[in-house]
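What follows is query-v5.tsv (TSV, C-alpha atoms).
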chain	number	residue	atom	x	y	z
A	1	MET	CA	26.85	17.05	-94.05
A	2	ALA	CA	27.92	17.98	-90.53
A	3	VAL	CA	30.22	20.64	-91.98
A	4	VAL	CA	27.48	21.98	-94.25
A	5	ASN	CA	24.84	22.04	-91.49
A	6	ARG	CA	27.06	23.62	-88.85
A	7	ASP	CA	27.38	27.38	-88.37
A	8	PRO	CA	30.93	28.23	-89.57
A	9	ARG	CA	31.42	30.54	-86.58
A	10	THR	CA	30.97	27.66	-84.13
A	11	ALA	CA	32.99	25.03	-85.97
A	12	PRO	CA	35.86	23.38	-84.07
A	13	HIS	CA	39.45	24.14	-85.14
A	14	ALA	CA	38.16	27.05	-87.24
A	15	THR	CA	41.42	29.02	-87.31
A	16	ARG	CA	43.51	25.99	-88.20
A	17	ASN	CA	41.15	24.98	-91.01
A	18	ASP	CA	41.02	28.53	-92.36
A	19	ALA	CA	44.82	28.67	-92.33
A	20	TRP	CA	44.88	25.60	-94.55
A	21	LEU	CA	42.20	27.19	-96.75
A	22	ALA	CA	44.28	30.39	-97.07
A	23	ALA	CA	47.34	28.33	-98.03
A	24	ALA	CA	45.29	26.47	-100.66
A	25	ALA	CA	43.97	29.77	-102.06
A	26	ALA	CA	47.53	31.15	-102.26
A	27	VAL	CA	48.73	28.03	-104.10
A	28	PHE	CA	45.78	28.21	-106.49
A	29	SER	CA	46.39	31.91	-107.18
A	30	ALA	CA	50.09	31.30	-107.83
A	31	THR	CA	49.30	28.41	-110.17
A	32	VAL	CA	46.82	30.50	-112.16
A	33	ALA	CA	49.28	33.41	-112.34
A	34	LEU	CA	52.03	31.10	-113.68
A	35	THR	CA	49.95	29.17	-116.19
A	36	THR	CA	47.45	31.68	-117.65
A	37	ASP	CA	47.75	35.09	-119.31
A	38	LEU	CA	51.55	35.00	-119.35
A	39	ALA	CA	51.66	38.54	-120.70
A	40	ARG	CA	50.33	39.79	-117.37
A	41	ARG	CA	52.43	37.64	-115.09
A	42	PRO	CA	52.84	39.59	-111.80
A	43	ASP	CA	56.06	41.37	-110.97
A	44	ALA	CA	57.57	41.44	-107.47
A	45	LEU	CA	54.98	43.85	-106.13
A	46	GLY	CA	52.23	41.95	-107.88
A	47	TRP	CA	53.37	38.65	-106.32
A	48	THR	CA	53.47	40.29	-102.91
A	49	LEU	CA	49.94	41.60	-103.27
A	50	LEU	CA	48.68	38.32	-104.76
A	51	LEU	CA	50.02	36.19	-101.93
A	52	ALA	CA	48.98	38.73	-99.30
A	53	VAL	CA	45.36	38.54	-100.50
A	54	ALA	CA	45.08	35.02	-99.05
A	55	VAL	CA	46.42	35.96	-95.58
A	56	PRO	CA	43.24	37.64	-94.20
A	57	LEU	CA	41.27	34.45	-94.95
A	58	VAL	CA	42.73	32.96	-91.75
A	59	TRP	CA	40.34	35.18	-89.75
A	60	ARG	CA	37.39	35.10	-92.16
A	61	ARG	CA	34.95	33.51	-89.64
A	62	ARG	CA	35.69	36.00	-86.87
A	63	ARG	CA	35.55	39.24	-88.88
A	64	PRO	CA	34.05	38.49	-92.32
A	65	LEU	CA	33.45	42.13	-93.29
A	66	LEU	CA	36.90	43.21	-92.16
A	67	VAL	CA	38.48	40.32	-94.07
A	68	LEU	CA	36.57	41.27	-97.21
A	69	ALA	CA	37.66	44.89	-96.82
A	70	LEU	CA	41.31	43.80	-96.52
A	71	VAL	CA	40.97	41.55	-99.55
A	72	VAL	CA	39.47	44.41	-101.59
A	73	ALA	CA	42.19	46.78	-100.35
A	74	LEU	CA	44.84	44.34	-101.61
A	75	VAL	CA	43.28	43.37	-104.94
A	76	VAL	CA	42.50	46.95	-105.99
A	77	PRO	CA	46.17	47.94	-106.43
A	78	TYR	CA	46.91	44.44	-107.78
A	79	HIS	CA	44.37	44.90	-110.60
A	80	ALA	CA	45.37	48.54	-111.04
A	81	LEU	CA	48.89	47.35	-111.91
A	82	ASP	CA	47.30	45.26	-114.69
A	83	ASN	CA	48.49	41.91	-113.33
A	84	ASN	CA	46.84	38.58	-114.07
A	85	HIS	CA	43.23	39.40	-113.26
A	86	ALA	CA	42.06	35.78	-112.81
A	87	ALA	CA	44.66	34.82	-110.21
A	88	PRO	CA	43.10	36.33	-107.01
A	89	THR	CA	39.54	35.21	-107.79
A	90	ALA	CA	39.69	32.26	-105.37
A	91	ALA	CA	40.44	34.45	-102.35
A	92	GLU	CA	37.88	37.02	-103.49
A	93	TYR	CA	35.12	34.42	-103.82
A	94	VAL	CA	35.93	32.87	-100.44
A	95	ALA	CA	35.71	36.27	-98.74
A	96	LEU	CA	32.43	37.08	-100.50
A	97	TYR	CA	30.95	33.67	-99.64
A	98	THR	CA	31.89	34.10	-95.96
A	99	VAL	CA	30.13	37.46	-95.79
A	100	ALA	CA	27.02	36.00	-97.44
A	101	VAL	CA	26.86	32.88	-95.26
A	102	THR	CA	27.35	34.72	-91.96
A	103	GLY	CA	25.37	37.92	-92.50
A	104	ARG	CA	21.87	39.02	-93.26
A	105	PRO	CA	20.71	39.07	-96.90
A	106	LEU	CA	20.42	42.89	-97.02
A	107	ARG	CA	24.00	43.26	-95.86
A	108	THR	CA	25.08	40.67	-98.42
A	109	VAL	CA	23.36	42.53	-101.30
A	110	LEU	CA	24.83	45.86	-100.28
A	111	THR	CA	28.28	44.31	-99.91
A	112	GLY	CA	28.07	42.68	-103.35
A	113	LEU	CA	27.02	45.95	-104.98
A	114	ALA	CA	29.86	47.78	-103.24
A	115	VAL	CA	32.45	45.19	-104.35
A	116	LEU	CA	31.23	45.25	-107.95
A	117	GLY	CA	31.15	49.03	-107.98
A	118	ILE	CA	34.69	49.35	-106.69
A	119	SER	CA	35.98	46.63	-109.05
A	120	VAL	CA	34.38	48.18	-112.14
A	121	SER	CA	35.62	51.65	-111.19
A	122	VAL	CA	39.18	50.39	-110.82
A	123	MET	CA	39.03	48.47	-114.10
A	124	LEU	CA	37.70	51.51	-115.94
A	125	THR	CA	40.84	53.38	-114.97
A	126	VAL	CA	42.98	50.54	-116.30
A	127	ASP	CA	41.21	49.19	-119.36
A	128	THR	CA	37.66	49.85	-120.54
A	129	HIS	CA	37.56	46.52	-122.32
A	130	ARG	CA	38.54	44.76	-119.08
A	131	ALA	CA	35.85	46.66	-117.21
A	132	LEU	CA	33.22	45.42	-119.66
A	133	GLU	CA	34.63	41.91	-119.33
A	134	LEU	CA	34.31	42.19	-115.55
A	135	LEU	CA	30.66	43.17	-115.89
A	136	ARG	CA	30.14	40.17	-118.15
A	137	VAL	CA	31.57	37.74	-115.62
A	138	SER	CA	29.96	39.48	-112.62
A	139	GLY	CA	27.39	36.69	-112.68
A	140	TRP	CA	29.94	34.57	-110.84
A	141	VAL	CA	30.01	37.13	-108.03
A	142	ILE	CA	26.21	37.09	-107.82
A	143	ALA	CA	26.22	33.29	-107.89
A	144	VAL	CA	28.68	33.14	-104.99
A	145	LEU	CA	26.58	35.58	-102.97
A	146	PHE	CA	23.38	33.66	-103.64
A	147	LEU	CA	25.12	30.42	-102.72
A	148	GLY	CA	26.15	31.89	-99.38
A	149	VAL	CA	22.63	33.19	-98.69
A	150	ASP	CA	21.10	29.84	-99.64
A	151	VAL	CA	23.50	27.92	-97.40
A	152	ARG	CA	22.73	30.34	-94.55
A	153	TYR	CA	18.98	29.75	-94.90
A	154	TYR	CA	19.55	26.02	-95.11
A	155	ARG	CA	21.56	26.07	-91.88
A	156	GLN	CA	18.84	28.11	-90.16
A	157	TYR	CA	16.27	25.54	-91.34
A	158	VAL	CA	18.34	22.66	-89.99
A	159	ALA	CA	18.92	24.51	-86.71
A	160	ALA	CA	15.16	25.11	-86.36
A	161	ILE	CA	14.46	21.41	-86.94
A	162	VAL	CA	17.06	20.42	-84.34
A	163	GLU	CA	15.70	22.98	-81.87
A	164	ARG	CA	12.13	21.69	-82.33
A	165	ALA	CA	13.31	18.10	-81.86
A	166	GLU	CA	15.17	19.03	-78.68
A	167	ARG	CA	12.16	20.96	-77.39
A	168	ALA	CA	9.90	18.01	-78.14
A	169	GLU	CA	12.31	15.71	-76.33
A	170	ARG	CA	12.38	18.03	-73.33
A	171	THR	CA	8.58	18.18	-73.38
A	172	ARG	CA	8.37	14.38	-73.45
A	173	GLU	CA	10.79	14.12	-70.55
A	174	GLU	CA	8.88	16.74	-68.55
A	175	GLU	CA	5.60	14.97	-69.30
A	176	ALA	CA	7.10	11.66	-68.21
A	177	ARG	CA	8.37	13.22	-64.98
A	178	ARG	CA	4.98	14.82	-64.38
A	179	ARG	CA	3.21	11.51	-64.87
A	180	VAL	CA	5.63	9.75	-62.56
A	181	ALA	CA	5.07	12.42	-59.91
A	182	GLU	CA	1.29	12.16	-60.29
A	183	GLU	CA	1.42	8.37	-60.06
A	184	ARG	CA	3.59	8.53	-56.96
A	185	LEU	CA	1.17	11.00	-55.39
A	186	ARG	CA	-1.77	8.76	-56.27
A	187	ILE	CA	-0.07	5.72	-54.76
A	188	ALA	CA	0.81	7.73	-51.66
A	189	ARG	CA	-2.84	8.79	-51.29
A	190	ASP	CA	-4.04	5.21	-51.77
A	191	LEU	CA	-1.61	3.90	-49.19
A	192	HIS	CA	-2.57	6.64	-46.75
A	193	ASP	CA	-6.28	5.95	-47.12
A	194	LEU	CA	-5.83	2.20	-46.96
A	195	LEU	CA	-3.47	2.12	-44.00
A	196	ALA	CA	-5.28	4.81	-42.03
A	197	HIS	CA	-8.63	3.09	-42.56
A	198	SER	CA	-7.39	-0.41	-41.77
A	199	ILE	CA	-5.23	0.52	-38.79
A	200	THR	CA	-8.03	2.62	-37.29
A	201	LEU	CA	-10.49	-0.27	-37.57
A	202	ILE	CA	-7.98	-2.76	-36.19
A	203	GLY	CA	-7.26	-0.43	-33.28
A	204	VAL	CA	-10.95	-0.05	-32.46
A	205	GLN	CA	-11.59	-3.81	-32.71
A	206	ALA	CA	-8.54	-4.58	-30.58
A	207	SER	CA	-9.82	-2.13	-27.97
A	208	VAL	CA	-13.16	-3.94	-27.95
A	209	ALA	CA	-11.41	-7.27	-27.37
A	210	ALA	CA	-9.24	-5.78	-24.61
A	211	HIS	CA	-12.30	-4.23	-22.95
A	212	VAL	CA	-14.16	-7.56	-22.99
A	213	LEU	CA	-11.15	-9.34	-21.47
A	214	ALA	CA	-10.67	-6.73	-18.73
A	215	ALA	CA	-14.31	-5.96	-17.91
A	216	ASP	CA	-15.17	-9.18	-16.03
A	217	PRO	CA	-12.48	-11.86	-16.10
A	218	ASP	CA	-14.69	-14.31	-14.15
A	219	ARG	CA	-17.49	-14.12	-16.72
A	220	LEU	CA	-15.46	-13.92	-19.93
A	221	ASP	CA	-17.55	-13.44	-23.02
A	222	ARG	CA	-15.61	-15.74	-25.33
A	223	ALA	CA	-18.00	-15.16	-28.20
A	224	ALA	CA	-17.44	-11.38	-28.10
A	225	VAL	CA	-13.66	-11.83	-27.97
A	226	ALA	CA	-13.74	-14.31	-30.85
A	227	GLN	CA	-15.92	-11.95	-32.87
A	228	ALA	CA	-13.51	-9.04	-32.28
A	229	LEU	CA	-10.53	-11.17	-33.30
A	230	ASP	CA	-12.37	-12.42	-36.39
A	231	ASP	CA	-13.13	-8.82	-37.31
A	232	ILE	CA	-9.43	-7.95	-36.95
A	233	ALA	CA	-8.45	-10.89	-39.15
A	234	GLU	CA	-11.01	-9.93	-41.80
A	235	THR	CA	-9.80	-6.33	-41.80
A	236	CYS	CA	-6.21	-7.54	-42.21
A	237	ARG	CA	-7.18	-9.77	-45.15
A	238	THR	CA	-9.06	-6.96	-46.84
A	239	ALA	CA	-6.20	-4.53	-46.28
A	240	ARG	CA	-3.65	-7.02	-47.57
A	241	GLY	CA	-5.60	-7.59	-50.76
A	242	GLU	CA	-6.07	-3.88	-51.44
A	243	LEU	CA	-2.46	-3.15	-50.57
A	244	ARG	CA	-1.32	-5.79	-53.04
A	245	THR	CA	-3.53	-4.28	-55.75
A	246	THR	CA	-2.05	-0.84	-55.06
A	247	LEU	CA	1.56	-1.97	-55.03
A	248	GLU	CA	1.19	-3.96	-58.25
A	249	VAL	CA	1.15	-0.61	-60.04
A	250	LEU	CA	4.90	-0.51	-59.43
A	251	ARG	CA	5.29	-3.73	-61.47
A	252	GLU	CA	3.19	-2.75	-64.43
A	253	HIS	CA	6.17	-2.92	-66.81
A	254	ASP	CA	6.63	-6.61	-65.95
A	255	SER	CA	2.95	-7.57	-65.78
A	256	PRO	CA	0.67	-5.13	-67.60
A	257	GLU	CA	-2.46	-7.01	-66.55
A	258	ALA	CA	-1.51	-7.28	-62.90
A	259	ARG	CA	-3.36	-4.18	-61.82
A	260	GLY	CA	-6.89	-4.88	-60.65
A	261	PRO	CA	-9.94	-2.71	-61.21
A	262	LEU	CA	-10.22	0.63	-59.47
A	263	PRO	CA	-12.42	0.75	-56.35
A	264	GLY	CA	-15.77	2.36	-56.99
A	265	LEU	CA	-19.29	2.83	-55.75
A	266	HIS	CA	-19.78	-0.93	-55.60
A	267	GLY	CA	-17.27	-1.05	-52.71
A	268	LEU	CA	-19.16	1.38	-50.46
A	269	PRO	CA	-21.21	-1.35	-48.67
A	270	ASP	CA	-17.96	-3.05	-47.65
A	271	LEU	CA	-16.67	0.23	-46.20
A	272	ALA	CA	-19.91	0.69	-44.29
A	273	GLN	CA	-19.75	-2.86	-42.95
A	274	ALA	CA	-16.15	-2.37	-41.81
A	275	ALA	CA	-17.14	0.78	-39.94
A	276	ARG	CA	-20.05	-1.10	-38.33
A	277	LEU	CA	-17.63	-3.77	-37.12
A	278	ALA	CA	-15.68	-0.96	-35.46
A	279	GLY	CA	-18.78	-0.06	-33.43
A	280	ALA	CA	-20.29	2.77	-35.48
A	281	ARG	CA	-23.83	2.75	-36.81
A	282	VAL	CA	-23.61	3.52	-40.52
A	283	GLU	CA	-26.60	4.54	-42.64
A	284	LEU	CA	-25.71	4.13	-46.31
A	285	ALA	CA	-27.86	5.47	-49.13
A	286	VAL	CA	-26.54	5.12	-52.70
A	287	THR	CA	-28.95	6.29	-55.37
A	288	ALA	CA	-26.41	7.19	-58.04
A	289	GLY	CA	-26.10	5.18	-61.21
A	290	GLU	CA	-22.94	4.18	-63.01
A	291	ALA	CA	-20.02	6.60	-62.66
A	292	PRO	CA	-16.76	6.81	-64.65
A	293	PRO	CA	-13.98	4.71	-63.05
A	294	ALA	CA	-11.93	7.75	-61.98
A	295	VAL	CA	-14.96	9.46	-60.42
A	296	GLY	CA	-16.07	6.26	-58.69
A	297	ALA	CA	-12.58	5.70	-57.30
A	298	ALA	CA	-12.44	9.28	-56.00
A	299	ALA	CA	-15.83	8.90	-54.31
A	300	TYR	CA	-14.77	5.59	-52.77
A	301	ARG	CA	-11.59	7.07	-51.30
A	302	ILE	CA	-13.39	10.15	-49.99
A	303	VAL	CA	-15.98	8.01	-48.22
A	304	GLN	CA	-13.24	5.73	-46.88
A	305	GLU	CA	-11.29	8.64	-45.42
A	306	ALA	CA	-14.42	10.28	-44.01
A	307	LEU	CA	-15.49	7.04	-42.28
A	308	THR	CA	-11.98	6.58	-40.91
A	309	ASN	CA	-11.98	10.09	-39.44
A	310	ALA	CA	-15.48	9.59	-37.99
A	311	VAL	CA	-14.51	6.34	-36.27
A	312	ARG	CA	-11.22	7.79	-35.03
A	313	HIS	CA	-12.47	11.16	-33.78
A	314	GLY	CA	-16.15	10.43	-33.10
A	315	GLY	CA	-15.63	10.04	-29.36
A	316	ARG	CA	-18.98	8.24	-28.80
A	317	ASP	CA	-19.96	4.60	-28.29
A	318	ASP	CA	-23.24	5.11	-30.19
A	319	LEU	CA	-21.71	7.06	-33.07
A	320	THR	CA	-23.97	7.38	-36.11
A	321	VAL	CA	-22.54	8.08	-39.55
A	322	ARG	CA	-24.77	8.90	-42.51
A	323	VAL	CA	-23.40	8.33	-46.02
A	324	SER	CA	-25.35	9.42	-49.07
A	325	VAL	CA	-24.30	9.26	-52.72
A	326	ASP	CA	-26.52	10.61	-55.48
A	327	ASP	CA	-26.16	12.14	-58.91
A	328	ALA	CA	-27.83	15.29	-60.15
A	329	GLU	CA	-27.12	17.81	-62.92
A	330	GLY	CA	-24.20	15.80	-64.28
A	331	ALA	CA	-22.32	15.52	-61.00
A	332	LEU	CA	-21.88	12.92	-58.28
A	333	ARG	CA	-22.63	14.29	-54.81
A	334	VAL	CA	-21.11	12.54	-51.82
A	335	ARG	CA	-22.04	13.49	-48.25
A	336	VAL	CA	-20.69	11.89	-45.07
A	337	SER	CA	-21.84	13.31	-41.74
A	338	ASP	CA	-21.65	12.07	-38.15
A	339	ASP	CA	-22.94	13.10	-34.75
A	340	GLY	CA	-19.62	12.70	-32.98
A	341	ALA	CA	-17.32	15.16	-31.29
A	342	GLY	CA	-16.00	16.63	-34.54
A	343	ALA	CA	-12.34	17.10	-35.49
A	344	GLY	CA	-9.89	15.93	-32.86
A	345	PRO	CA	-7.21	18.13	-31.29
A	346	GLY	CA	-3.73	18.46	-32.72
A	347	ALA	CA	-2.29	19.30	-36.12
A	348	PRO	CA	-4.35	18.14	-39.10
A	349	GLY	CA	-3.02	15.18	-41.04
A	350	PHE	CA	-3.08	14.35	-44.75
A	351	GLY	CA	-6.64	13.00	-44.84
A	352	LEU	CA	-8.47	16.21	-45.75
A	353	VAL	CA	-5.67	17.22	-48.11
A	354	GLY	CA	-5.91	13.84	-49.83
A	355	MET	CA	-9.69	14.15	-50.22
A	356	ARG	CA	-9.34	17.56	-51.84
A	357	GLU	CA	-6.60	16.31	-54.17
A	358	ARG	CA	-8.77	13.37	-55.25
A	359	ALA	CA	-11.68	15.66	-55.94
A	360	ARG	CA	-9.48	18.06	-57.95
A	361	SER	CA	-8.12	15.15	-60.00
A	362	VAL	CA	-11.59	14.69	-61.54
A	363	GLY	CA	-12.51	18.39	-61.59
A	364	GLY	CA	-14.51	18.40	-58.35
A	365	THR	CA	-14.46	20.07	-54.96
A	366	VAL	CA	-14.65	19.01	-51.31
A	367	LEU	CA	-15.99	20.93	-48.31
A	368	ALA	CA	-15.23	19.62	-44.82
A	369	GLY	CA	-16.07	21.09	-41.45
A	370	PRO	CA	-18.41	21.00	-38.46
A	371	GLY	CA	-21.95	19.88	-39.30
A	372	ALA	CA	-25.01	22.06	-38.83
A	373	GLY	CA	-26.30	19.84	-35.99
A	374	GLY	CA	-22.90	19.02	-34.51
A	375	GLY	CA	-20.35	16.40	-35.45
A	376	PHE	CA	-18.41	16.62	-38.68
A	377	GLU	CA	-19.52	16.70	-42.29
A	378	VAL	CA	-17.75	16.10	-45.59
A	379	THR	CA	-19.43	17.05	-48.86
A	380	ALA	CA	-17.88	16.33	-52.28
A	381	LEU	CA	-19.15	17.34	-55.72
A	382	LEU	CA	-17.56	15.30	-58.51
A	383	PRO	CA	-18.51	16.11	-62.14
A	384	LEU	CA	-19.40	12.98	-64.09
A	385	GLY	CA	-18.23	14.56	-67.34
A	386	GLY	CA	-14.71	15.31	-66.06
A	387	THR	CA	-15.12	19.12	-66.08
A	388	ALA	CA	-15.27	21.46	-63.12

Show how you would write the structure in this file as structure tokens.
Amino acid sequence: MAVVNRDPRTAPHATRNDAWLAAAAAVFSATVALTTDLARRPDALGWTLLLAVAVPLVWRRRRPLLVLALVVALVVPYHALDNNHAAPTAAEYVALYTVAVTGRPLRTVLTGLAVLGISVSVMLTVDTHRALELLRVSGWVIAVLFLGVDVRYYRQYVAAIVERAERAERTREEEARRRVAEERLRIARDLHDLLAHSITLIGVQASVAAHVLAADPDRLDRAAVAQALDDIAETCRTARGELRTTLEVLREHDSPEARGPLPGLHGLPDLAQAARLAGARVELAVTAGEAPPAVGAAAYRIVQEALTNAVRHGGRDDLTVRVSVDDAEGALRVRVSDDGAGAGPGAPGFGLVGMRERARSVGGTVLAGPGAGGGFEVTALLPLGGTA
């Protein structure tokens, strides 16, 4: 089946195999000439032409039309000398089949008509009865041509199936790589939001403890220090739990149920409380109903990053952050604004980029910039139906 399905022009060891085929055709022709129609056994010139007919078959895959022309050029004088007319049929059929299996159908039909026309014309000059006999058996020539055309179409069909399978395999591999890249980007965003949020809060709480220790060593407020340290410990526990949930994605193939639920709107009070522990006054207003898990997770991360930036860059001891989440016209609207100093100096980090990527992942948008009354404001519009 591999030989049948393969294009003969791309087959390995083609010349060697065709040499063996030419030798077999020569042996077959000689056997037919010696055992049939003894009255027309070839003479010396006839034997030379008969054996020479098989020689061009060695190059039949490279130049099929040229090989057929050489075969016709050799068999025409052979038949004109009235030698055994059945002997060279093997080489003739092989040359015709090669033209049919390697060329277009129109070329095959024209070639077959030309071969039959030349053969009948030559036979008419030799023997009218033989010419009529040739017309009678011309069905074999047509059958060989149709066989070659059919095999050619079959090979094209098999090649198309193989090409579609390879394309589908490439598409699956590209889709798998795309999903891996998206999952890596999602994990990177989660880790960025988690670590930035937690480290910022820990830094602020540690600064509070250091300030209490250094402000008045003689009248140490142990309760304030203990509270700051407890806040640091609680932030570390929360961060460790969320970090474990995020990293368990990497072990999904070992434990499919290891991954916990996505964060959502239900986690916003915890974010507000963590920001309050860092010294900010947070006003949270959530009037939205249930949201799809992906939309809720995107809103949660956007609020988390916005609170982190407000605490980090607010620059005020009495910083006020207002967080509102509502739904209207099939979309979830998230707004986080503060009355701080706005964006800090230096090159921007990955926070705003991450917020925009999260919004785009659910078909939404994010606007971030200075607020109308000062400070900084982040507004996100996240479609609940998953369309932009």

>> Between CA of Ala100 (chain A) and CA of Gln156 (chain A), what is the distance in Å, rounded to a tenth?
In response: 13.5 Å

>> Which residues are near Leu49 (chain A)? Cut-off 10 Å, all atoms listed in the file, ignore same chain within fewer than 6 positions. Put them as an NGL selection string.
In response: :A and (42-43 or 71 or 73-79 or 88)

>> Just the number, please: distance in Å from CA of Leu382 (chain A) to CA of Asp190 (chain A), one decimal.
In response: 18.2 Å

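Counting all atoms listed in the file and comparing A:Val325, A:Met355, A:Val334, A:Val115, the residue that lies closest to Glu305 (chain A) is A:Met355.
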
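Interatomic distance, CA of Leu147 (chain A) to CA of Leu68 (chain A): 16.7 Å.
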
> List as a PyMOL selection string: which residues have an atom within 12 Å of (-5.1, 15.7, -56.4), counting all atoms listed in the file?
Replying inline: chain A and resi 181-190+294+298+301-302+350-366

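In terms of minimum interatomic distance to Val141 (chain A), A:Val94 ranks closest within A:Val94, A:Val158, A:Ala33, A:Leu106, counting all atoms listed in the file.
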
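Using all atoms listed in the file, the nearest neighbour of Arg244 (chain A) within the list A:Ile118, A:Val58, A:Ala44, A:Leu191 is A:Leu191.
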
> Which residues, written as a ChimeraX atom specification, have at least one atom at most 10 Å from Arg276 (chain A), with all atoms listed in the file counted and residues fewer than 4 positions away on the same chain left out?
Replying inline: /A:201,270-272,280-283,311,319-321

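Proximity of A:Val378, A:Leu81, A:Ala87, A:Val151 to Pro105 (chain A), computed with all atoms listed in the file, is greatest for A:Val151.
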
Just save region 108-121 of chain A with N, CA and C atoms, as an mmCIF file, in the first residue's frame.
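For reference, part-v1.cif as written:
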data_model
loop_
_atom_site.group_PDB
_atom_site.id
_atom_site.type_symbol
_atom_site.label_atom_id
_atom_site.label_comp_id
_atom_site.auth_asym_id
_atom_site.auth_seq_id
_atom_site.Cartn_x
_atom_site.Cartn_y
_atom_site.Cartn_z
ATOM 1 N N THR A 108 -3.170 12.931 -20.773
ATOM 2 C CA THR A 108 -3.243 11.475 -20.928
ATOM 3 C C THR A 108 -4.137 11.092 -22.102
ATOM 4 N N VAL A 109 -5.309 11.749 -22.218
ATOM 5 C CA VAL A 109 -6.237 11.441 -23.324
ATOM 6 C C VAL A 109 -5.596 11.773 -24.664
ATOM 7 N N LEU A 110 -4.984 12.947 -24.746
ATOM 8 C CA LEU A 110 -4.350 13.329 -26.011
ATOM 9 C C LEU A 110 -3.210 12.383 -26.366
ATOM 10 N N THR A 111 -2.444 11.971 -25.364
ATOM 11 C CA THR A 111 -1.345 11.038 -25.614
ATOM 12 C C THR A 111 -1.869 9.697 -26.097
ATOM 13 N N GLY A 112 -2.945 9.200 -25.461
ATOM 14 C CA GLY A 112 -3.510 7.915 -25.885
ATOM 15 C C GLY A 112 -4.029 7.961 -27.310
ATOM 16 N N LEU A 113 -4.719 9.075 -27.660
ATOM 17 C CA LEU A 113 -5.206 9.204 -29.030
ATOM 18 C C LEU A 113 -4.053 9.259 -30.030
ATOM 19 N N ALA A 114 -2.975 9.969 -29.650
ATOM 20 C CA ALA A 114 -1.831 10.049 -30.558
ATOM 21 C C ALA A 114 -1.182 8.686 -30.750
ATOM 22 N N VAL A 115 -1.029 7.916 -29.659
ATOM 23 C CA VAL A 115 -0.402 6.593 -29.765
ATOM 24 C C VAL A 115 -1.253 5.670 -30.624
ATOM 25 N N LEU A 116 -2.571 5.678 -30.384
ATOM 26 C CA LEU A 116 -3.446 4.817 -31.187
ATOM 27 C C LEU A 116 -3.439 5.234 -32.643
ATOM 28 N N GLY A 117 -3.437 6.534 -32.889
ATOM 29 C CA GLY A 117 -3.419 6.996 -34.277
ATOM 30 C C GLY A 117 -2.157 6.573 -35.002
ATOM 31 N N ILE A 118 -1.022 6.732 -34.349
ATOM 32 C CA ILE A 118 0.242 6.347 -34.986
ATOM 33 C C ILE A 118 0.283 4.839 -35.201
ATOM 34 N N SER A 119 -0.167 4.063 -34.190
ATOM 35 C CA SER A 119 -0.121 2.602 -34.305
ATOM 36 C C SER A 119 -1.015 2.116 -35.436
ATOM 37 N N VAL A 120 -2.224 2.637 -35.524
ATOM 38 C CA VAL A 120 -3.142 2.195 -36.585
ATOM 39 C C VAL A 120 -2.605 2.598 -37.957
ATOM 40 N N SER A 121 -2.032 3.792 -38.059
ATOM 41 C CA SER A 121 -1.479 4.229 -39.345
ATOM 42 C C SER A 121 -0.356 3.319 -39.798
#
